[in-house]
file start.txt (compact mmCIF, C-alpha atoms)
# COMPACT_ATOMS: atom_id res chain seq x y z
CA SER A 1 0.00 0.00 0.00
CA GLN A 2 1.19 3.55 -0.69
CA PRO A 3 2.23 5.83 2.19
CA THR A 4 -0.15 8.67 3.12
CA THR A 5 2.62 11.02 4.29
CA GLY A 6 5.95 12.26 3.02
CA VAL A 7 6.72 12.23 -0.68
CA LEU A 8 3.76 11.92 -3.10
CA TYR A 9 3.09 8.92 -5.36
CA LYS A 10 0.65 8.86 -8.29
CA GLU A 11 -0.77 5.80 -10.04
CA ASP A 12 0.24 7.06 -13.50
CA ASN A 13 3.90 7.65 -12.54
CA TYR A 14 5.30 4.10 -12.85
CA ILE A 15 7.59 1.76 -14.76
CA ILE A 16 7.17 -1.99 -15.46
CA MET A 17 10.08 -4.13 -14.20
CA THR A 18 10.69 -7.71 -15.36
CA THR A 19 12.92 -10.15 -13.45
CA VAL A 20 15.19 -12.82 -15.07
CA ASP A 21 12.39 -15.32 -14.28
CA LYS A 22 9.95 -13.22 -16.38
CA GLU A 23 8.02 -12.05 -13.29
CA LYS A 24 6.45 -8.64 -13.93
CA TYR A 25 5.98 -5.77 -11.43
CA LYS A 26 4.46 -2.31 -11.68
CA CYS A 27 6.71 0.05 -9.68
CA LEU A 28 5.39 3.45 -8.54
CA LEU A 29 8.02 6.19 -8.53
CA PRO A 30 8.09 9.13 -6.10
CA LEU A 31 7.28 12.50 -7.65
CA ILE A 32 10.42 14.61 -8.09
CA ALA A 33 10.89 17.69 -5.91
CA SER A 34 10.34 20.18 -8.76
CA GLY A 35 6.70 19.12 -8.96
CA ASN A 36 6.23 19.96 -5.28
CA GLU A 37 7.94 23.32 -5.79
CA GLU A 38 5.53 24.12 -8.64
CA GLU A 39 2.58 23.19 -6.42
CA GLU A 40 3.89 25.44 -3.62
CA LYS A 41 4.39 28.35 -6.02
CA ASP A 42 0.86 28.05 -7.47
CA TYR A 43 -0.87 27.55 -4.10
CA LYS A 44 -3.73 30.04 -3.64
CA GLY A 45 -5.61 28.26 -0.83
CA PRO A 46 -6.19 29.23 2.82
CA THR A 47 -3.26 30.46 4.94
CA PRO A 48 -2.03 28.15 7.75
CA GLY A 49 -3.76 30.40 10.29
CA GLU A 50 -7.05 30.02 8.42
CA LEU A 51 -6.58 26.23 8.16
CA LEU A 52 -6.14 26.04 11.95
CA GLU A 53 -9.04 28.40 12.69
CA PRO A 54 -11.61 25.58 13.22
CA LEU A 55 -9.37 24.11 15.93
CA PHE A 56 -9.27 27.43 17.80
CA LYS A 57 -12.97 28.19 17.33
CA GLN A 58 -14.34 24.84 18.51
CA SER A 59 -12.64 25.25 21.92
CA SER A 60 -10.96 21.85 21.76
CA CYS A 61 -8.19 20.71 24.11
CA SER A 62 -5.44 18.08 23.73
CA TYR A 63 -3.89 16.14 26.61
CA ARG A 64 -0.63 14.33 27.29
CA ILE A 65 -0.54 12.20 30.44
CA GLU A 66 2.83 11.46 32.00
CA SER A 67 3.63 9.67 35.25
CA TYR A 68 3.29 12.80 37.40
CA TRP A 69 2.21 15.73 35.24
CA THR A 70 -0.70 16.02 32.84
CA TYR A 71 -0.38 18.61 30.05
CA GLU A 72 -3.50 20.36 28.73
CA VAL A 73 -3.37 22.42 25.52
CA CYS A 74 -6.62 24.27 24.88
CA HIS A 75 -5.94 25.53 21.37
CA GLY A 76 -5.86 29.32 21.08
CA LYS A 77 -6.52 29.66 24.82
CA HIS A 78 -3.94 28.24 27.23
CA ILE A 79 -1.44 25.52 28.16
CA ARG A 80 -1.70 24.05 31.65
CA GLN A 81 0.53 21.58 33.50
CA TYR A 82 -1.17 19.97 36.50
CA HIS A 83 -1.13 17.10 38.98
CA GLU A 84 -4.14 15.89 40.98
CA GLU A 85 -3.88 14.13 44.34
CA LYS A 86 -6.70 12.72 46.43
CA GLU A 87 -6.30 13.57 50.09
CA THR A 88 -8.12 12.10 53.05
CA GLY A 89 -11.85 12.61 52.85
CA GLN A 90 -11.68 12.40 49.04
CA LYS A 91 -10.68 16.06 48.78
CA ILE A 92 -8.76 16.64 45.52
CA ASN A 93 -5.62 18.76 45.77
CA ILE A 94 -4.49 20.24 42.42
CA GLN A 95 -0.97 21.48 41.78
CA GLU A 96 -0.97 23.49 38.53
CA TYR A 97 1.00 25.95 36.39
CA TYR A 98 -0.11 27.82 33.29
CA LEU A 99 2.69 27.62 30.73
CA GLY A 100 1.05 30.30 28.60
CA ASN A 101 -2.21 32.12 27.90
CA MET A 102 -3.54 33.72 24.71
CA ILE A 103 -4.53 37.00 26.38
CA MET A 104 -4.73 40.21 24.36
CA LYS A 105 -5.77 43.71 25.43
CA ASN A 106 -9.21 44.62 24.07
CA PRO A 107 -9.08 48.34 23.11
CA LEU A 108 -12.88 48.64 23.48
CA SER A 109 -12.98 47.30 27.05
CA GLU A 110 -12.51 49.19 30.29
CA PRO A 111 -8.91 50.29 31.04
CA GLY A 112 -6.99 47.56 32.87
CA SER A 113 -9.39 44.77 31.96
CA GLN A 114 -8.38 41.87 29.71
CA GLU A 115 -10.28 39.28 27.76
CA LEU A 116 -9.25 35.87 26.49
CA SER A 117 -9.14 36.00 22.72
CA CYS A 118 -7.14 34.72 19.78
CA SER A 119 -6.00 37.28 17.27
CA TYR A 120 -5.92 35.09 14.17
CA ASP A 121 -4.69 37.83 11.83
CA LEU A 122 -1.41 37.99 13.79
CA PHE A 123 -0.60 34.49 12.59
CA LEU A 124 -2.01 34.46 9.06
CA SER A 125 1.29 34.60 7.21
CA LEU A 126 4.96 34.10 8.02
CA PRO A 127 7.74 35.45 5.77
CA GLN A 128 9.80 32.28 6.18
CA ILE A 129 8.47 28.93 7.33
CA PRO A 130 10.43 27.69 10.37
CA THR A 131 11.48 24.03 10.69
CA LYS A 132 12.22 21.72 13.61
CA ASN A 133 14.46 18.66 13.63
CA ILE A 134 12.25 15.64 14.33
CA GLU A 135 14.07 12.31 14.17
CA GLY A 136 16.79 13.81 11.95
CA GLN A 137 14.29 15.33 9.48
CA MET A 138 13.80 19.10 9.22
CA THR A 139 10.02 19.41 9.49
CA PRO A 140 8.08 22.64 8.78
CA TYR A 141 5.84 23.91 11.57
CA TYR A 142 3.41 26.76 12.23
CA PRO A 143 4.17 28.60 15.52
CA VAL A 144 1.65 30.17 17.88
CA GLU A 145 3.09 32.15 20.81
CA LEU A 146 1.40 32.10 24.24
CA GLY A 147 2.55 34.35 27.09
CA ASN A 148 1.36 35.59 30.48
CA GLY A 149 1.62 32.18 32.20
CA THR A 150 2.13 31.52 35.92
CA PRO A 151 4.99 33.71 37.30
CA CYS A 152 8.34 31.90 37.42
CA SER A 153 10.29 32.30 40.70
CA LEU A 154 13.54 31.26 38.98
CA ARG A 155 13.25 34.26 36.60
CA GLN A 156 12.36 37.17 38.91
CA ASN A 157 8.65 36.22 38.71
CA LEU A 158 8.48 36.80 34.96
CA PRO A 159 5.47 34.99 33.46
CA ARG A 160 5.98 31.58 31.84
CA SER A 161 5.62 31.47 28.05
CA SER A 162 5.34 28.82 25.33
CA THR A 163 5.57 28.33 21.60
CA VAL A 164 3.04 25.85 20.22
CA MET A 165 4.38 24.26 17.02
CA TYR A 166 1.67 22.81 14.77
CA ILE A 167 2.96 20.09 12.41
CA CYS A 168 1.11 18.39 9.55
CA HIS A 169 0.20 14.73 10.01
CA PRO A 170 -2.75 13.39 7.96
CA GLU A 171 -3.87 10.72 10.45
CA ALA A 172 -3.33 12.70 13.66
CA LYS A 173 -6.06 13.92 16.00
CA HIS A 174 -4.27 17.00 17.34
CA GLU A 175 -2.08 14.91 19.68
CA ILE A 176 0.65 16.52 21.80
CA LEU A 177 3.85 14.94 20.46
CA SER A 178 6.17 16.52 23.03
CA VAL A 179 6.48 19.19 25.72
CA ALA A 180 9.99 20.54 26.38
CA GLU A 181 11.34 23.30 28.63
CA VAL A 182 13.87 24.87 26.22
CA THR A 183 15.10 27.49 28.70
CA THR A 184 13.96 28.17 32.27
CA CYS A 185 10.16 28.60 32.23
CA GLU A 186 10.01 28.83 28.42
CA TYR A 187 8.44 25.85 26.67
CA GLU A 188 7.99 24.28 23.26
CA VAL A 189 4.90 22.16 22.60
CA VAL A 190 4.66 20.13 19.38
CA ILE A 191 1.12 19.32 18.13
CA LEU A 192 0.34 16.93 15.27
CA THR A 193 -2.66 18.03 13.21
CA PRO A 194 -4.18 17.05 9.83
CA LEU A 195 -5.49 20.61 9.28
CA LEU A 196 -2.15 21.96 7.98
CA CYS A 197 -1.68 19.17 5.42
CA ASN A 198 -3.77 21.00 2.78
CA HIS A 199 -0.98 23.58 2.55
CA PRO A 200 1.87 22.25 0.36
CA LYS A 201 4.57 24.15 2.29
CA TYR A 202 3.68 22.38 5.56
CA ARG A 203 3.82 18.81 4.25
CA PHE A 204 6.81 16.70 5.26
CA ARG A 205 9.82 17.39 3.09
CA ALA A 206 10.81 14.39 1.01
CA SER A 207 13.93 12.57 2.14
CA PRO A 208 16.79 12.55 -0.45
CA VAL A 209 16.26 8.77 -0.71
CA ASN A 210 12.69 7.63 -1.30
CA ASP A 211 11.10 4.20 -1.44
CA ILE A 212 9.83 2.72 -4.70
CA PHE A 213 6.64 0.70 -4.25
CA CYS A 214 6.21 -2.34 -6.51
CA GLN A 215 3.01 -4.31 -7.05
CA SER A 216 2.93 -7.75 -8.70
CA LEU A 217 1.04 -7.95 -12.00
CA PRO A 218 -1.37 -10.86 -12.76
CA GLY A 219 0.48 -14.16 -13.14
CA SER A 220 3.49 -13.03 -11.02
CA PRO A 221 4.11 -13.95 -7.36
CA LEU A 222 3.70 -11.30 -4.62
CA LYS A 223 7.50 -11.25 -4.21
CA PRO A 224 10.12 -12.35 -6.81
CA HIS A 225 11.39 -15.90 -6.26
CA ASN A 226 15.07 -14.85 -6.14
CA LEU A 227 14.33 -12.13 -3.57
CA GLU A 228 12.59 -14.65 -1.29
CA GLN A 229 15.59 -16.98 -1.57
CA LEU A 230 17.98 -14.14 -0.72
CA GLU A 231 15.93 -13.11 2.32
CA LYS A 232 15.90 -16.72 3.59
CA GLN A 233 19.69 -16.92 3.24
CA GLN A 234 20.09 -13.66 5.18
CA GLU A 235 17.85 -15.02 7.96
CA MET A 236 19.94 -18.20 8.16
CA LEU A 237 23.13 -16.14 8.50
CA LYS A 238 21.64 -14.22 11.44
CA MET A 239 20.33 -17.28 13.29
CA PRO A 240 23.58 -18.51 14.97
CA PHE A 241 24.19 -15.13 16.59
CA ARG A 242 20.80 -14.03 17.89
CA ARG A 243 17.13 -14.58 17.40
CA VAL A 244 15.55 -11.88 15.25
CA LYS A 245 12.66 -10.27 17.08
CA GLU A 246 9.53 -9.56 15.10
CA GLU A 247 9.65 -5.81 15.64
CA GLU A 248 13.00 -5.75 13.77
CA MET A 249 11.38 -7.24 10.66
CA PRO A 250 10.34 -4.93 7.76
CA SER A 251 7.66 -2.41 8.69
CA THR A 252 5.18 -3.96 6.23
CA LYS A 253 4.60 -6.71 8.79
CA GLU A 254 3.91 -4.34 11.69
CA GLU A 255 0.37 -4.29 12.97
CA LYS A 256 -1.58 -1.06 12.88
CA PHE A 257 -1.06 1.34 15.76
CA SER A 258 -4.01 2.11 18.01
CA SER A 259 -6.02 5.23 17.23
CA ILE A 260 -4.43 7.00 20.20
CA HIS A 261 -0.80 6.56 19.11
CA LYS A 262 -0.31 7.18 15.40
CA PRO A 263 3.03 6.63 13.66
CA VAL A 264 4.58 9.77 12.22
CA ALA A 265 6.23 9.04 8.88
CA VAL A 266 8.99 11.64 8.54
CA GLY A 267 10.49 11.70 5.06
CA GLY A 268 11.38 8.16 3.99
CA HIS A 269 10.62 5.06 5.99
CA GLN A 270 11.46 6.35 9.48
CA LEU A 271 8.64 5.94 11.97
CA LEU A 272 8.41 8.23 14.96
CA THR A 273 5.78 7.01 17.40
CA VAL A 274 3.99 9.16 19.89
CA GLY A 275 5.56 7.74 23.01
CA THR A 276 4.68 4.20 21.96
CA THR A 277 6.60 1.21 20.66
CA HIS A 278 5.40 -2.24 19.69
CA ILE A 279 6.55 -5.59 20.98
CA SER A 280 6.62 -9.03 19.44
CA LYS A 281 3.54 -11.15 18.84
CA LEU A 282 4.54 -13.96 21.20
CA THR A 283 1.89 -15.71 23.26
CA ASP A 284 1.06 -14.00 26.57
CA GLU A 285 2.89 -16.64 28.60
CA GLN A 286 6.04 -16.55 26.44
CA LEU A 287 6.02 -12.76 26.45
CA ILE A 288 5.69 -12.57 30.24
CA LYS A 289 8.51 -15.10 30.75
CA GLU A 290 10.82 -13.25 28.35
CA PHE A 291 10.01 -9.89 29.93
CA LEU A 292 10.60 -11.14 33.49
CA SER A 293 13.87 -12.86 32.54
CA GLY A 294 15.15 -9.60 31.03
CA SER A 295 15.67 -11.17 27.61
CA TYR A 296 12.84 -9.08 26.15
CA CYS A 297 13.47 -5.33 26.58
CA PHE A 298 11.10 -2.38 26.09
CA HIS A 299 12.16 0.63 23.99
CA GLY A 300 10.42 4.00 23.88
CA GLY A 301 10.57 7.72 24.42
CA VAL A 302 9.99 10.82 22.29
CA GLY A 303 12.59 13.36 21.16
CA TRP A 304 16.39 13.28 21.26
CA TRP A 305 16.75 10.57 23.93
CA LYS A 306 15.21 7.10 23.72
CA TYR A 307 15.12 4.58 26.57
CA GLU A 308 15.77 0.85 26.83
CA PHE A 309 14.38 -0.97 29.87
CA CYS A 310 15.34 -4.59 30.55
CA TYR A 311 13.49 -5.88 33.64
CA GLY A 312 15.90 -7.00 36.36
CA LYS A 313 18.93 -5.86 34.33
CA TYR A 314 19.29 -2.17 33.48
CA VAL A 315 17.87 1.13 32.17
CA HIS A 316 19.78 2.78 29.30
CA GLN A 317 19.26 6.20 27.72
CA TYR A 318 20.51 6.45 24.13
CA HIS A 319 20.56 8.57 21.00
CA GLU A 320 21.22 7.23 17.51
CA ASP A 321 22.74 9.46 14.86
CA LYS A 322 23.48 8.53 11.25
CA GLU A 323 26.88 10.24 11.34
CA SER A 324 28.22 9.81 14.88
CA GLY A 325 26.54 6.45 15.65
CA LYS A 326 24.96 5.56 19.00
CA THR A 327 25.49 7.53 22.23
CA SER A 328 24.45 5.53 25.30
CA VAL A 329 24.20 6.39 29.01
CA VAL A 330 23.64 3.81 31.78
CA VAL A 331 20.89 5.37 33.91
CA GLY A 332 20.75 2.48 36.40
CA THR A 333 21.57 -1.19 36.90
CA TRP A 334 19.68 -3.81 38.89
CA SER A 335 20.76 -5.17 42.24
CA LYS A 336 18.10 -7.17 44.09
CA GLU A 337 19.74 -6.47 47.47
CA GLU A 338 19.87 -2.69 46.84
CA HIS A 339 16.26 -2.68 45.65
CA ILE A 340 15.04 -4.56 48.75
CA GLU A 341 16.92 -2.11 50.97
CA TRP A 342 15.34 0.79 49.02
CA SER A 343 11.85 -0.80 49.25
CA ARG A 344 12.04 -0.85 53.07
CA LYS A 345 12.06 2.96 53.05
CA ASN A 346 9.84 3.54 49.98
CA ALA A 347 6.52 2.20 48.70
CA ALA A 348 7.33 -0.64 46.31
CA ARG A 349 3.61 -1.28 45.72
CA THR A 350 0.64 1.06 45.55
CA PHE A 351 -2.93 -0.18 45.67
CA TYR A 352 -6.39 1.00 44.81
CA LEU A 353 -9.69 -0.20 46.26
CA ARG A 354 -12.15 -2.11 44.11
CA GLU A 355 -15.87 -1.47 44.51
CA ASP A 356 -16.24 -4.75 46.43
CA GLY A 357 -13.73 -3.50 49.05
CA THR A 358 -10.82 -5.70 47.95
CA GLN A 359 -7.43 -4.25 47.07
CA THR A 360 -5.59 -4.63 43.78
CA VAL A 361 -2.07 -3.52 42.87
CA ARG A 362 -2.09 -0.29 40.83
CA MET A 363 1.65 0.17 40.33
CA VAL A 364 5.01 -1.27 41.42
CA SER A 365 8.23 0.72 41.77
CA HIS A 366 11.75 -0.71 41.38
CA PHE A 367 15.10 0.91 42.18
CA TYR A 368 17.99 0.74 39.71
CA GLY A 369 21.24 2.37 40.99
CA ASN A 370 24.94 2.43 40.05
CA GLY A 371 24.46 4.15 36.69
CA ASP A 372 27.13 6.20 34.91
CA VAL A 373 28.66 8.94 37.08
CA CYS A 374 26.86 12.29 36.69
CA ASP A 375 28.98 15.37 35.86
CA LEU A 376 26.71 17.64 37.94
CA THR A 377 26.72 15.59 41.17
CA ASP A 378 29.84 13.37 40.83
CA LYS A 379 27.57 10.49 41.90
CA PRO A 380 26.24 7.51 39.95
CA ARG A 381 22.92 8.03 38.20
CA GLN A 382 19.89 6.22 39.61
CA VAL A 383 16.32 5.65 38.48
CA THR A 384 13.02 4.55 39.99
CA VAL A 385 11.10 2.48 37.43
CA LYS A 386 7.32 2.69 37.84
CA LEU A 387 5.50 -0.22 36.18
CA LYS A 388 1.82 0.38 35.42
CA CYS A 389 -1.00 -1.40 33.65
CA LYS A 390 -1.90 0.13 30.27
CA GLU A 391 -5.22 -0.82 28.71
CA SER A 392 -4.85 -0.53 24.94
CA ASP A 393 -6.60 -1.40 21.68
CA SER A 394 -3.30 -2.99 20.70
CA PRO A 395 -2.17 -5.73 23.11
CA HIS A 396 1.44 -5.00 22.11
CA ALA A 397 1.68 -1.26 22.85
CA VAL A 398 4.27 0.08 25.31
CA THR A 399 4.49 3.67 26.55
CA ILE A 400 7.75 4.88 28.11
CA TYR A 401 8.55 8.34 29.49
CA MET A 402 11.24 9.74 31.76
CA LEU A 403 11.25 12.57 34.33
CA GLU A 404 14.27 14.06 36.12
CA PRO A 405 12.94 15.56 39.39
CA HIS A 406 16.54 15.97 40.70
CA SER A 407 19.83 16.13 38.81
CA CYS A 408 20.67 12.63 37.52
CA GLN A 409 17.93 11.03 39.68
CA TYR A 410 15.21 9.83 37.35
CA ILE A 411 11.73 8.36 37.25
CA LEU A 412 11.03 6.02 34.32
CA GLY A 413 7.35 5.30 33.65
CA VAL A 414 6.65 2.05 31.80
CA GLU A 415 3.07 1.16 30.84
CA SER A 416 2.01 -1.96 28.95
CA PRO A 417 -0.85 -4.48 28.74
CA VAL A 418 1.81 -7.13 29.59
CA ILE A 419 2.21 -5.50 33.03
CA CYS A 420 -1.57 -5.71 33.60
CA LYS A 421 -1.29 -9.51 33.60
CA ILE A 422 1.42 -9.69 36.31
CA LEU A 423 0.83 -6.72 38.66
CA ASP A 424 -1.15 -8.83 41.13
CA THR A 425 1.82 -11.23 41.52
CA ALA A 426 3.90 -8.44 43.17
CA ASP A 427 5.36 -9.46 46.54
CA GLU A 428 6.07 -7.07 49.44
CA TYR A 429 9.17 -5.79 47.61
CA GLY A 430 7.22 -5.20 44.40
CA LEU A 431 8.97 -8.08 42.61
CA LEU A 432 6.86 -9.72 39.90
CA SER A 433 6.51 -13.34 38.82
CA VAL A 434 4.78 -15.48 36.17
CA PRO A 435 1.09 -15.93 37.17
CA SER A 436 0.39 -19.46 38.39

call {"tool": "encode", "arguments": {"input": "start.txt", "output": "structure tokens"}}
result
Amino acid sequence: SQPTTGVLYKEDNYIIMTTVDKEKYKCLLPLIASGNEEEEKDYKGPTPGELLEPLFKQSSCSYRIESYWTYEVCHGKHIRQYHEEKETGQKINIQEYYLGNMIMKNPLSEPGSQELSCSYDLFLSLPQIPTKNIEGQMTPYYPVELGNGTPCSLRQNLPRSSTVMYICHPEAKHEILSVAEVTTCEYEVVILTPLLCNHPKYRFRASPVNDIFCQSLPGSPLKPHNLEQLEKQQEMLKMPFRRVKEEEMPSTKEEKFSSIHKPVAVGGHQLLTVGTTHISKLTDEQLIKEFLSGSYCFHGGVGWWKYEFCYGKYVHQYHEDKESGKTSVVVGTWSKEEHIEWSRKNAARTFYLREDGTQTVRMVSHFYGNGDVCDLTDKPRQVTVKLKCKESDSPHAVTIYMLEPHSCQYILGVESPVICKILDTADEYGLLSVPS
């Protein structure tokens, strides 16, 4: 099937290829860049501000839930970061900060009064379209500035401010891709939206190398015989060294992502997922055993750093670059004795009450210490891993996010349907086992 993002393909732009075995394939070619440039030059449609206007007018909000903070972006109105805690007597205590408000002076109103409004004409056209590096691909975005947030004590009580970057993605539902504090109390929020995709200048720029999609013609096999033989030989060569996991196989075999977490195709065949990765289609029992033995590791994260979590082994933070290769930091390593000592002073298990009065485990926390030495503290890094149940349309979705509440002391949130099946096996130290 043809991709819906990135470079364009048209049914009439193809060549017929014939193999030595007389197998015939119709191969669709990507449209060359000059065609896109012509389209951009001739574009007379709505401005990006006008394309986004429905989002601002319908008072919709997008949310990103992390282990501690929840981020709320009410488009054209405000950005809020908050945490809710239930205290005794079911009273809810809310800790919140506004990272920016769209507040303009209304010249017709009383002096000193303000009203919440969005001045669309301020954002209708930009002389030069800015871009942001997402997964190594310079991606055009449409910025909306929000100021007048909660005063920041670290900056002489100046108000917090944010730039909301709207990026085209045809299948998105206005998800928050990332929230980053770029300098003290100044934030960047990336939103994926299909509304911008009608403007040619905001579509993903084509990668210098593009895929060619080939379809078998009647009487020819789905895949050429020689190619199948070659792939089998390559598999055989890999087998003595390690077992190939299913998620490393070509992306054509990946199952569809759930409607909540859409893949972002940036340029060629790179997939950036909104905080979600997928794990192999093993049976539940096999998957649980592999996860608990540490032989199956979870990968995830959004932005520059990605995370690898191997249960009972380690937590790594890494960045992969085409030119400089892989940079890896050991955030923490597992020691059962150290964890048990830590669990005597901290809650290794947290519970919630069912309606029938019985308790069930809501989350377990594990301590991983002895990471790489931190330049800021001259002490080894350490991380508390919080394992939570994640209900999902896809049984193989994993969400991973990291917080750094103190320098080089981290919290890693890991949520997966796999964890749902084993949370209730947690002992007093929060250690999990295969359900009996």

call {"tool": "closest_residue", "arguments": {"input": "start.txt", "among": "A:Pro30, A:Pro218, A:Gly147, A:Gly49", "to": "Tyr14 in chain A", "atoms": "only C-alpha atoms"}}
result
A:Pro30

call {"tool": "closest_residue", "arguments": {"input": "start.txt", "among": "A:Cys197, A:Leu99, A:Leu222, A:Cys420", "to": "Thr184 in chain A", "atoms": "only C-alpha atoms"}}
result
A:Leu99

call {"tool": "residues_around", "arguments": {"input": "start.txt", "residues": "Leu432 in chain A", "least_positions_apart": "6", "cutoff": "12 Å", "atoms": "only C-alpha atoms", "output": "PyMOL selection string"}}
result
chain A and resi 288-289+291-293+311-312+348-349+361+363-366+387+418-426

call {"tool": "atom_distance", "arguments": {"input": "start.txt", "atom1": "CA of Leu196 in chain A", "atom2": "CA of Pro48 in chain A"}}
result
6.2 Å

call {"tool": "closest_residue", "arguments": {"input": "start.txt", "among": "A:Asn210, A:Gln229, A:Lys390, A:Tyr43", "to": "Tyr9 in chain A", "atoms": "all atoms listed in the file"}}
result
A:Asn210

call {"tool": "residues_near_point", "arguments": {"input": "start.txt", "point": "(6.5, 22.5, 19.7)", "cutoff": "8 Å", "atoms": "only C-alpha atoms", "output": "MDAnalysis selection string"}}
result
chainID A and resid 143 163:166 178:180 187:191

call {"tool": "closest_residue", "arguments": {"input": "start.txt", "among": "A:Phe56, A:Tyr314, A:Tyr142, A:Tyr71", "to": "Ser295 in chain A", "atoms": "only C-alpha atoms"}}
result
A:Tyr314

call {"tool": "closest_residue", "arguments": {"input": "start.txt", "among": "A:Val383, A:Leu376, A:Ile212, A:Leu195", "to": "Lys10 in chain A", "atoms": "all atoms listed in the file"}}
result
A:Ile212

call {"tool": "build_atoms", "arguments": {"input": "start.txt", "residues": "range 302-316 of chain A", "atoms": "N, CA, C and O atoms", "output": "tab-separated table (two decimals), in the frame of the given file"}}
result
chain	number	residue	atom	x	y	z
A	302	VAL	N	10.23	9.88	23.38
A	302	VAL	CA	9.99	10.82	22.29
A	302	VAL	C	11.07	11.89	22.35
A	302	VAL	O	11.44	12.35	23.41
A	303	GLY	N	11.59	12.30	21.20
A	303	GLY	CA	12.59	13.36	21.16
A	303	GLY	C	13.99	12.83	20.99
A	303	GLY	O	14.20	11.75	20.45
A	304	TRP	N	14.97	13.61	21.45
A	304	TRP	CA	16.39	13.28	21.26
A	304	TRP	C	16.75	11.96	21.91
A	304	TRP	O	17.34	11.09	21.30
A	305	TRP	N	16.40	11.79	23.19
A	305	TRP	CA	16.75	10.57	23.93
A	305	TRP	C	15.67	9.51	23.82
A	305	TRP	O	14.49	9.81	23.89
A	306	LYS	N	16.10	8.27	23.64
A	306	LYS	CA	15.21	7.10	23.72
A	306	LYS	C	15.67	6.28	24.92
A	306	LYS	O	16.78	6.46	25.43
A	307	TYR	N	14.82	5.35	25.37
A	307	TYR	CA	15.12	4.58	26.57
A	307	TYR	C	14.96	3.08	26.30
A	307	TYR	O	14.06	2.66	25.58
A	308	GLU	N	15.86	2.30	26.90
A	308	GLU	CA	15.77	0.85	26.83
A	308	GLU	C	15.66	0.33	28.26
A	308	GLU	O	16.50	0.65	29.11
A	309	PHE	N	14.60	-0.43	28.54
A	309	PHE	CA	14.38	-0.97	29.87
A	309	PHE	C	14.35	-2.49	29.79
A	309	PHE	O	13.50	-3.06	29.10
A	310	CYS	N	15.30	-3.13	30.45
A	310	CYS	CA	15.34	-4.59	30.55
A	310	CYS	C	15.07	-4.96	32.00
A	310	CYS	O	15.90	-4.66	32.88
A	311	TYR	N	13.92	-5.56	32.27
A	311	TYR	CA	13.49	-5.88	33.64
A	311	TYR	C	14.56	-6.71	34.35
A	311	TYR	O	15.06	-7.70	33.83
A	312	GLY	N	14.92	-6.25	35.57
A	312	GLY	CA	15.90	-7.00	36.36
A	312	GLY	C	17.32	-6.92	35.82
A	312	GLY	O	18.20	-7.67	36.26
A	313	LYS	N	17.58	-6.00	34.90
A	313	LYS	CA	18.93	-5.86	34.33
A	313	LYS	C	19.41	-4.41	34.36
A	313	LYS	O	20.31	-4.07	35.11
A	314	TYR	N	18.79	-3.55	33.55
A	314	TYR	CA	19.29	-2.17	33.48
A	314	TYR	C	18.29	-1.24	32.81
A	314	TYR	O	17.32	-1.69	32.18
A	315	VAL	N	18.57	0.08	32.93
A	315	VAL	CA	17.87	1.13	32.17
A	315	VAL	C	18.95	1.92	31.44
A	315	VAL	O	19.89	2.43	32.06
A	316	HIS	N	18.84	2.00	30.11
A	316	HIS	CA	19.78	2.78	29.30
A	316	HIS	C	19.04	3.94	28.63
A	316	HIS	O	17.87	3.82	28.28
